[in-house]
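I have placed the structure first, in the form of structure tokens, so that the comments after it can refer back to it.
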Amino acid sequence: GKMTYYFSKTKTEGKGLSKELLGGKGLNLAEMTSIGLPVPPGFTITTEVCDGYYKSGKKLPAGLMDEVRKNVGMLEKELGKKFGDDKSPLLVSVRSGAAMSMPGMMNTILNLGLNDVSTAGLANATQNERFAYDAYRRLIDMFGDVVMGVDHEHFDHAFGKIKAKYKVKADTDVPAEGLIELCAAYKEIFRKYTGKDFPQDPYTQLEAAVEAVFKSWMGAKAVTYREVENIRGLLGTAVNVQSMVYGNMGDDSGTGVAFTRDPNTGKNEFFGEFLVNAQGEDVVAGIRTPQPVAEMPKWNKAIHKQLLEIKDILEQHYTDMQDIEFTIEKGTLFMLQTRNGKRTGTAAVKMAVDMVKEKLIDEKKAIRRIPAGDLSQLLLPSLDTKALEDAREKKLVLTIGLPASPGAAVGKLTFTAEEAVERAASGERVILCRKETSPEDVAGMHSAAGILTSTGGMTSHAAVVARGWGRCCVVGAGEMTIDEKAKKMTIKGKTYSGNDIITINGTTGEVFAGAMPTMEPKLGGDFATVMKWSDKYRTLGIRTNADSPTDAQRAREFGAEGIGLCRTEHMFFGEDRIAAMREMILATEVDARKTALAKLLPFQREDFVGIFTAMKGLPVTVRLLDPPLHEFLPHDAKTQEELGKQMGLKPAVIKARVAQLHESNPMLGHRGCRLSVTYPEILEMQVRAIIEAAIICKGKKIDAKPEIMIPLVGTAVELKYLKELTQKTIDEVIAEKKFKGSLDVLIGTMIEIPRAALTADEIAEHAQFFSFGTNDLTQMTFGFSRDDINSFLPDYLRKDLLTADPFQTLDQSGVGQLVEMGVQKGRKTNKDLKVGICGEHGGDPASVDFCHRAGLNYVSCSPFRVPIARLAAAQAAI
Ligand code: ADP
Ligand code: MG
Ligand code: MG
């Protein structure tokens, strides 16, 4: 098939094709060309070629270089230059670009086609010797590093020596003769470390560079990035070969990167940086400090104006915020890249709402545009305002860097990515503190609560990556010096090490010593608008998992329409009640157990009154006691002894009872409804507490709507028995309390054992609702222990044997079938059956989408994920 696609003013072969084939960069270069923007011409080698390269044991396919030569020929004709020429040489860049953007993960080579002869030719043609040798030294460096694996440090070292010799600091101040010397030194280094001369034949250079880009697809950096970002199933990277334009031709030239709107706040303001007399990566590499684009009019008003026009054209074309790269060659602007820009959750929300107002997109598109999971960033804590003011007043601000990614983070200092990974894995909250970050650091950055760097700008690696994740990040804190080896950093003469806690404020760039209190966010404005739209389009109900009035209240504020799971076991751990709970468990006679349960009753009742009150008339699904009883007992000898003293029992008795309750497989043991089968009095107490609480609330004009949920049911008869017992208790309490009002109590069950899903039609005879407990259902369907999966899950993910953790994202093809079957069979028996889900999956956008399609009535998730579920449910519905 066709392996290359040409793009230029005269012909854009790739227009309208897919990112999967051309990569994002390649496709957008073709698009920009076709809408008339100034893009240097070039061609794209497809991702299929990369795939073929790996499938054939790392061999470039036959005929590829012929096609490449043909394309280079077209470029030569179009530009009136010749590849490797001694008069007017054509130079190209070789750029990677996969379907998903992986910033800085793969390598780019610039100025390809230079050799001793063509460099002299370029110097002559441009009348700029300095420029030509600057381009050549960059090529030898990049080619040496990227293609041949020569450490960039060696080149850097030689550059340092030249700068010292000419007594200059900045790269740009090295004169032409210095750069000529440098090129000679670079070629020497190249020979020393590769055993070969720097290749003079431009096609040899080109072929090796194309292959190097393909190789970088499987490089460690790129592989880690895809793992962390969960990017799977791509063919590989495309390669873009593009004619060079030069930002390093003098003070009328430059290069820059920008966003069409502010990627932090979402404000409709052109946002970015540029660097005069510079090429390629100079802006992001933090070698010199770039200027904000707002300063550009002082340098070149016309270019600034043209950029603003192009910004509007791009936003109109893509109807989204763009992240662009551009270069100015002697006062002429060229566009080198555009893509949908990464943004914080806050910015995503603001931009979506603004763009609807601007009539750029409609509400549905706005909803689809916001990654539901990113809403969590808006719900994240920021620094407590009062504490922040105090700290500022007391001058506790250590230093101020650039506010690269908002939010607040508190943690102990770590100085390497590996350390951050390790310490985070052992449960510490850490701040990754580095001079700058590079793609090697992504795993550590992901593990850290926040990221702090001493160099780099708003578009540096750390800033871009952190924003993508919504991780709090401060960059360019230049007053900080870091000694990575000694694991220390110093600010204004004070030194901080790995055990010191710092606080960073990603919204302002401030850095503080010590831990500062954080504060919950306020939700209004654009966020409220997006929520309103979500509620308009979604059909799925959203409930929450909450066991306390505080959580219930918060979830209501986040928009929960009821409680889908109230776990009663959490209510037994409180200091004031654990003793009675233990007494109940240790009792060997029914009477003693009943005495202990009677002590627990008022606590339970009070809890339910609180929750019904907080939910003000919304339904509350209460799950009866679920965990194995031994979880409530102390396992160490000392606490057992104390407990014995309290209860007037010999330690040996307690020890014996603990031993008796021990199970080899507690998760498949005596738990859930099995407890109520053995100890019906536990169920009776809990149901009594629920009903008494409901009656108390009714008396206070609070419309309590309890739904009693029986966990871990596997057979219809099991449920029938417990349902009858529940109903009997309800009737007794109502009669006893002489309650005359109306009280609707639903009785239902969890579907979390595969057998329950398989026999859902029988089970539905006795249930008014089902709630899929997908945590246990996943555990039992896969046979993966929830608590032990981490010992092998990483291997499964790495080897692509699983695409996601099935406890985070519902396994639709396996576990999902049981859910679908459960819904269908259940509704066949009882067409009014209410069906929900209450596992962790209820707050996962992909799983919410599945639940919508499976016809569930609602999903239930933790309070903080309620807004995410509302948006995800709307996305599923439109
Ligand atoms: P990345 O994917 O890491 O951003 P790019 O392929 O975009 O890598 O290349 C990095 C930078 O190199 C670009 O931002 C641009 O400044 C420079 N560059 C790439 N190709 C050209 C070219 N043809 N002419 C001038 N500069 C180029
Ligand atoms: Mg780029
Ligand atoms: Mg369960």
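Identifiers in the structure tokens: chain A, B, ... in order shown; residue index from 1 per chain; ligand index from 1 in order shown.
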Neighbours of range 140-142 of chain A within 7 Å (only C-alpha atoms; same-chain residues fewer than 3 positions away dropped), as a PyMOL selection string?
chain A and resi 109+136-137+145-146+152+155+186
Go through chain A residue by residue and, counting only C-alpha atoms and all ligand atoms, keep those with an atom at most 8 Å from ligand 3; for each kept residue give the shortest atom pair and its distance in Å to one decimal, ordered by chain and increasing number, as a Markdown table.
| residue | atom | partner | partner_atom_place_in_ligand_line | distance |
| --- | --- | --- | --- | --- |
| A:Asp626 | CA | ligand 3 | 1 (Mg) | 7.2 |
| A:Gly672 | CA | ligand 3 | 1 (Mg) | 7.6 |
| A:Pro711 | CA | ligand 3 | 1 (Mg) | 6.6 |
| A:Leu712 | CA | ligand 3 | 1 (Mg) | 6.3 |
| A:Met750 | CA | ligand 3 | 1 (Mg) | 7.7 |
| A:Glu752 | CA | ligand 3 | 1 (Mg) | 6.2 |
| A:Gly773 | CA | ligand 3 | 1 (Mg) | 5.5 |
| A:Thr774 | CA | ligand 3 | 1 (Mg) | 7.6 |
| A:Asn775 | CA | ligand 3 | 1 (Mg) | 6.3 |
| A:Asp776 | CA | ligand 3 | 1 (Mg) | 4.8 |
| A:Leu777 | CA | ligand 3 | 1 (Mg) | 7.6 |
Dump as a compact mmCIF listing (two decimals), in the first residue's frame, selection limited to C-alpha atoms:
# COMPACT_ATOMS: atom_id res chain seq x y z
CA ASP A 626 -21.70 -7.73 55.43
CA GLY A 672 -23.17 -11.20 54.12
CA PRO A 711 -26.01 -8.71 50.69
CA LEU A 712 -24.29 -11.71 49.16
CA MET A 750 -27.28 -7.22 46.03
CA GLU A 752 -22.66 -9.93 43.60
CA GLY A 773 -22.12 -5.19 43.85
CA THR A 774 -19.56 -5.22 41.10
CA ASN A 775 -16.57 -5.35 43.45
CA ASP A 776 -17.48 -8.82 44.69
CA LEU A 777 -19.00 -9.77 41.37
May I have the residues within 9 Å of range 323-329 of chain A as a PyMOL selection string, using only C-alpha atoms and disregarding those fewer than 6 positions away in the same chain?
chain A and resi 245-250+252-261+274+276-280+303+311+335-342
Got a sec to tell me which of range 312-558 of chain A DSSP assigns to strand (DSSP E or B), as a compact mmCIF listing (two decimals) with N, CA and C atoms, in the first residue's frame?
# COMPACT_ATOMS: atom_id res chain seq x y z
N GLN A 322 -6.33 25.02 20.75
CA GLN A 322 -5.18 24.40 20.10
C GLN A 322 -3.87 24.72 20.81
N ASP A 323 -2.98 23.76 20.73
CA ASP A 323 -1.63 23.89 21.24
C ASP A 323 -0.75 23.96 20.00
N ILE A 324 -0.09 25.09 19.78
CA ILE A 324 0.61 25.27 18.50
C ILE A 324 2.11 25.46 18.68
N GLU A 325 2.85 25.14 17.63
CA GLU A 325 4.28 25.40 17.58
C GLU A 325 4.54 26.18 16.30
N PHE A 326 5.36 27.20 16.42
CA PHE A 326 5.60 28.05 15.25
C PHE A 326 7.05 28.50 15.21
N THR A 327 7.48 28.94 14.05
CA THR A 327 8.83 29.47 13.89
C THR A 327 8.77 30.69 12.99
N ILE A 328 9.59 31.68 13.29
CA ILE A 328 9.67 32.87 12.45
C ILE A 328 11.05 32.88 11.81
N GLU A 329 11.08 32.83 10.48
CA GLU A 329 12.36 32.90 9.78
C GLU A 329 12.45 34.27 9.12
N THR A 332 9.23 35.99 8.66
CA THR A 332 8.12 35.25 8.06
C THR A 332 7.70 34.13 9.01
N LEU A 333 6.37 34.05 9.23
CA LEU A 333 5.85 33.08 10.18
C LEU A 333 5.53 31.74 9.53
N PHE A 334 5.90 30.66 10.19
CA PHE A 334 5.56 29.30 9.74
C PHE A 334 4.92 28.53 10.89
N MET A 335 3.90 27.75 10.54
CA MET A 335 3.25 26.90 11.54
C MET A 335 3.85 25.50 11.45
N LEU A 336 4.25 24.96 12.60
CA LEU A 336 4.90 23.65 12.59
C LEU A 336 4.08 22.55 13.25
N GLN A 337 3.08 22.94 13.99
CA GLN A 337 2.29 21.91 14.65
C GLN A 337 1.03 22.51 15.24
N THR A 338 -0.04 21.74 15.25
CA THR A 338 -1.20 22.11 16.05
C THR A 338 -1.84 20.83 16.54
N ARG A 339 -2.43 20.92 17.70
CA ARG A 339 -3.17 19.76 18.23
C ARG A 339 -4.13 20.29 19.29
N ASN A 340 -5.13 19.51 19.63
CA ASN A 340 -6.01 19.91 20.71
C ASN A 340 -5.17 19.99 21.98
N SER A 382 -7.92 23.20 47.76
CA SER A 382 -6.92 24.25 47.54
C SER A 382 -6.48 24.68 48.94
N LEU A 383 -5.51 25.57 49.00
CA LEU A 383 -5.03 25.97 50.32
C LEU A 383 -6.10 26.78 51.04
N VAL A 397 6.35 32.42 52.93
CA VAL A 397 6.55 31.99 51.54
C VAL A 397 8.05 31.85 51.30
N LEU A 398 8.48 30.64 50.99
CA LEU A 398 9.91 30.41 50.78
C LEU A 398 10.36 31.04 49.47
N THR A 399 9.54 30.82 48.44
CA THR A 399 9.86 31.37 47.13
C THR A 399 8.62 31.26 46.27
N ILE A 400 8.63 31.95 45.16
CA ILE A 400 7.50 31.87 44.24
C ILE A 400 7.99 31.46 42.86
N LEU A 402 6.48 29.55 39.00
CA LEU A 402 5.36 29.77 38.07
C LEU A 402 4.23 28.80 38.40
N PRO A 403 2.99 29.29 38.39
CA PRO A 403 1.85 28.44 38.71
C PRO A 403 1.49 27.55 37.53
N ALA A 404 2.11 26.39 37.45
CA ALA A 404 2.00 25.58 36.24
C ALA A 404 0.75 24.72 36.19
N SER A 405 0.27 24.27 37.33
CA SER A 405 -0.92 23.44 37.35
C SER A 405 -1.59 23.59 38.71
N ALA A 408 -3.43 22.40 45.39
CA ALA A 408 -2.42 22.51 46.43
C ALA A 408 -1.91 21.13 46.75
N ALA A 409 -0.65 21.03 47.10
CA ALA A 409 -0.10 19.73 47.48
C ALA A 409 0.81 19.89 48.67
N VAL A 410 0.71 18.93 49.59
CA VAL A 410 1.53 18.92 50.79
C VAL A 410 2.26 17.58 50.81
N GLY A 411 3.56 17.61 51.07
CA GLY A 411 4.26 16.34 51.13
C GLY A 411 5.72 16.50 51.49
N LYS A 412 6.38 15.35 51.67
CA LYS A 412 7.81 15.37 51.98
C LYS A 412 8.60 15.46 50.67
N LEU A 413 9.78 16.04 50.78
CA LEU A 413 10.58 16.26 49.58
C LEU A 413 11.21 14.96 49.08
N THR A 414 11.16 14.77 47.76
CA THR A 414 11.95 13.70 47.15
C THR A 414 12.66 14.30 45.96
N VAL A 430 4.47 12.62 48.82
CA VAL A 430 5.73 13.26 48.49
C VAL A 430 5.56 14.34 47.42
N ILE A 431 6.48 15.30 47.47
CA ILE A 431 6.57 16.31 46.42
C ILE A 431 7.86 16.00 45.65
N LEU A 432 7.74 15.83 44.37
CA LEU A 432 8.93 15.57 43.56
C LEU A 432 9.57 16.92 43.22
N CYS A 433 10.82 17.06 43.67
CA CYS A 433 11.51 18.34 43.56
C CYS A 433 12.72 18.16 42.64
N ARG A 434 12.67 18.80 41.46
CA ARG A 434 13.76 18.60 40.49
C ARG A 434 14.13 19.91 39.81
N GLY A 450 2.65 16.34 44.29
CA GLY A 450 2.88 17.58 43.57
C GLY A 450 4.28 17.59 43.00
N ILE A 451 4.52 18.52 42.07
CA ILE A 451 5.81 18.59 41.39
C ILE A 451 6.32 20.02 41.50
N LEU A 452 7.62 20.13 41.82
CA LEU A 452 8.24 21.45 41.97
C LEU A 452 9.56 21.43 41.20
N THR A 453 9.75 22.40 40.29
CA THR A 453 11.03 22.46 39.58
C THR A 453 11.65 23.84 39.72
N CYS A 472 -0.96 19.01 40.91
CA CYS A 472 -0.47 20.32 41.32
C CYS A 472 1.01 20.46 40.95
N CYS A 473 1.38 21.61 40.36
CA CYS A 473 2.77 21.76 39.90
C CYS A 473 3.21 23.21 39.90
N VAL A 474 4.41 23.43 40.43
CA VAL A 474 5.04 24.76 40.38
C VAL A 474 6.38 24.58 39.66
N VAL A 475 6.63 25.41 38.67
CA VAL A 475 7.90 25.28 37.93
C VAL A 475 8.70 26.58 38.04
N MET A 480 15.58 28.34 44.10
CA MET A 480 15.84 27.06 44.75
C MET A 480 17.03 26.40 44.06
N THR A 481 18.01 25.93 44.83
CA THR A 481 19.05 25.12 44.21
C THR A 481 18.93 23.71 44.75
N ILE A 482 19.10 22.77 43.84
CA ILE A 482 18.86 21.38 44.21
C ILE A 482 20.15 20.59 44.11
N ASP A 483 20.45 19.86 45.15
CA ASP A 483 21.57 18.94 45.09
C ASP A 483 20.99 17.53 45.11
N LYS A 488 19.07 17.22 48.81
CA LYS A 488 18.82 18.46 49.55
C LYS A 488 18.43 19.54 48.58
N MET A 489 17.66 20.50 49.09
CA MET A 489 17.49 21.70 48.30
C MET A 489 17.63 22.91 49.20
N THR A 490 18.10 24.00 48.62
CA THR A 490 18.38 25.19 49.40
C THR A 490 17.61 26.37 48.82
N ILE A 491 16.93 27.10 49.68
CA ILE A 491 16.30 28.34 49.26
C ILE A 491 16.75 29.43 50.21
N LYS A 494 18.62 28.52 53.38
CA LYS A 494 18.11 27.46 54.26
C LYS A 494 17.99 26.16 53.48
N THR A 495 18.37 25.08 54.15
CA THR A 495 18.42 23.81 53.45
C THR A 495 17.30 22.88 53.93
N TYR A 496 16.72 22.16 52.98
CA TYR A 496 15.62 21.23 53.28
C TYR A 496 15.96 19.87 52.70
N SER A 497 15.62 18.82 53.45
CA SER A 497 15.95 17.48 52.95
C SER A 497 14.72 16.60 52.93
N ILE A 501 8.70 18.59 55.24
CA ILE A 501 7.42 18.72 54.52
C ILE A 501 7.34 20.11 53.91
N ILE A 502 6.90 20.19 52.68
CA ILE A 502 6.62 21.50 52.10
C ILE A 502 5.20 21.50 51.51
N THR A 503 4.72 22.70 51.27
CA THR A 503 3.40 22.86 50.65
C THR A 503 3.61 23.68 49.39
N ILE A 504 3.02 23.25 48.29
CA ILE A 504 3.11 24.07 47.08
C ILE A 504 1.71 24.47 46.63
N ASN A 505 1.64 25.67 46.11
CA ASN A 505 0.36 26.22 45.66
C ASN A 505 0.43 26.37 44.14
N GLU A 510 3.36 29.66 44.77
CA GLU A 510 4.05 29.80 46.06
C GLU A 510 4.54 28.46 46.62
N VAL A 511 5.66 28.54 47.33
CA VAL A 511 6.21 27.37 48.02
C VAL A 511 6.34 27.72 49.49
N PHE A 512 5.84 26.84 50.36
CA PHE A 512 5.88 27.09 51.80
C PHE A 512 6.59 25.94 52.50
N ALA A 513 7.24 26.25 53.62
CA ALA A 513 7.79 25.19 54.45
C ALA A 513 6.67 24.68 55.34
N THR A 518 -5.69 22.52 53.95
CA THR A 518 -6.31 22.72 52.66
C THR A 518 -7.82 22.88 52.84
N MET A 519 -8.47 23.28 51.78
CA MET A 519 -9.88 23.67 51.89
C MET A 519 -10.65 23.10 50.70
N GLY A 541 -29.98 7.61 36.81
CA GLY A 541 -29.97 8.26 38.11
C GLY A 541 -28.59 8.18 38.73
N ILE A 542 -28.28 9.13 39.62
CA ILE A 542 -26.97 9.11 40.27
C ILE A 542 -27.18 9.12 41.78
N ARG A 543 -26.69 8.07 42.41
CA ARG A 543 -26.75 8.02 43.86
C ARG A 543 -25.34 7.97 44.41
N THR A 544 -25.26 7.94 45.72
CA THR A 544 -23.93 7.94 46.32
C THR A 544 -23.78 6.81 47.33
N ASN A 545 -22.54 6.47 47.60
CA ASN A 545 -22.23 5.54 48.67
C ASN A 545 -21.85 6.38 49.88
Atom-to-atom span, CA of Cys861 in chain A and CA of Gly562 in chain A, Å:
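Interatomic distance here is 10.6 Å.
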Determine which residues of range 600-698 of chain A receive a DSSP assignment of alpha helix (DSSP H), computed from the backbone, and state them as a PyMOL selection string.
chain A and resi 600-615+637-647+651-661+673-678+680-698
Option closest in space to Asp354 in chain A, from A:Leu308, A:Leu856, A:Leu60, A:Ala366 [counting only C-alpha atoms]:
A:Ala366
Write out as an mmCIF file with N, CA and C atoms, in the first residue's frame the residues lying within 9 Å of range 719-723 of chain A, counting only C-alpha atoms and excluding same-chain residues fewer than 6 positions away.
data_model
loop_
_atom_site.group_PDB
_atom_site.id
_atom_site.type_symbol
_atom_site.label_atom_id
_atom_site.label_comp_id
_atom_site.auth_asym_id
_atom_site.auth_seq_id
_atom_site.Cartn_x
_atom_site.Cartn_y
_atom_site.Cartn_z
ATOM 1 N N CYS A 673 -25.329 -12.218 53.902
ATOM 2 C CA CYS A 673 -26.596 -12.737 54.419
ATOM 3 C C CYS A 673 -26.407 -14.019 55.209
ATOM 4 N N SER A 676 -26.877 -13.477 58.803
ATOM 5 C CA SER A 676 -28.270 -13.380 59.244
ATOM 6 C C SER A 676 -28.949 -14.737 59.293
ATOM 7 N N VAL A 677 -28.455 -15.655 58.474
ATOM 8 C CA VAL A 677 -29.007 -17.007 58.536
ATOM 9 C C VAL A 677 -28.629 -17.632 59.872
ATOM 10 N N PRO A 680 -30.140 -14.631 63.179
ATOM 11 C CA PRO A 680 -31.244 -13.775 62.702
ATOM 12 C C PRO A 680 -31.415 -12.525 63.566
ATOM 13 N N LEU A 683 -29.978 -9.323 62.060
ATOM 14 C CA LEU A 683 -30.873 -8.722 61.064
ATOM 15 C C LEU A 683 -32.032 -8.017 61.751
ATOM 16 N N ILE A 710 -30.174 -6.779 51.190
ATOM 17 C CA ILE A 710 -29.590 -7.989 51.761
ATOM 18 C C ILE A 710 -28.401 -8.416 50.903
ATOM 19 N N VAL A 713 -26.403 -12.577 48.412
ATOM 20 C CA VAL A 713 -27.381 -13.640 48.179
ATOM 21 C C VAL A 713 -26.963 -14.472 46.969
ATOM 22 N N ILE A 747 -37.573 -3.818 49.918
ATOM 23 C CA ILE A 747 -36.615 -4.853 50.307
ATOM 24 C C ILE A 747 -36.010 -5.409 49.021
ATOM 25 N N GLY A 748 -34.707 -5.416 48.992
ATOM 26 C CA GLY A 748 -34.043 -5.903 47.778
ATOM 27 C C GLY A 748 -32.749 -6.597 48.115
ATOM 28 N N THR A 749 -31.977 -6.863 47.086
ATOM 29 C CA THR A 749 -30.752 -7.622 47.328
ATOM 30 C C THR A 749 -29.611 -7.132 46.455
ATOM 31 N N ILE A 763 -34.615 -14.999 41.770
ATOM 32 C CA ILE A 763 -34.333 -14.094 42.883
ATOM 33 C C ILE A 763 -35.284 -12.901 42.861
ATOM 34 N N GLU A 765 -38.248 -12.772 42.259
ATOM 35 C CA GLU A 765 -39.551 -13.059 42.876
ATOM 36 C C GLU A 765 -39.641 -12.451 44.267
ATOM 37 N N HIS A 766 -38.504 -12.302 44.915
ATOM 38 C CA HIS A 766 -38.498 -11.862 46.309
ATOM 39 C C HIS A 766 -37.841 -10.500 46.497
ATOM 40 N N ALA A 767 -37.520 -9.837 45.399
ATOM 41 C CA ALA A 767 -36.797 -8.565 45.536
ATOM 42 C C ALA A 767 -37.536 -7.433 44.853
#
Pick from A:Leu22, A:Leu235, A:Val241, A:Val174: nearest to Arg95 in chain A, with only C-alpha atoms counted?
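Of all the options, A:Val241 lies closest to Arg95 in chain A.
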Could you work out how far CA of Lys330 in chain A lies from CA of Gln306 in chain A, giving the answer in Å with one decimal?
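A separation of 14.7 Å between them.
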Across A:Thr319, A:Asn28, A:Asn124, A:Asn300, the smallest distance to ligand 1, with only C-alpha atoms and all ligand atoms counted, is shown by A:Asn28
Pick the closest to ligand 2 from A:Met106, A:Ala652, A:Ala560, A:Leu360: which is it, counting only C-alpha atoms and all ligand atoms?
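Nearest to ligand 2: A:Met106.
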Check the smallest atom-to-atom distance from each of A:Thr344, A:Ser56, A:Ser534, A:Ser460 to ligand 1 using only C-alpha atoms and all ligand atoms, then report the winner.
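Answer, going by the shortest atom-to-atom distance: A:Ser460.
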Pick from A:Pro521, A:Gly42, A:Gly345, A:Gly457: nearest to Thr289 in chain A, with only C-alpha atoms counted?
A:Gly457
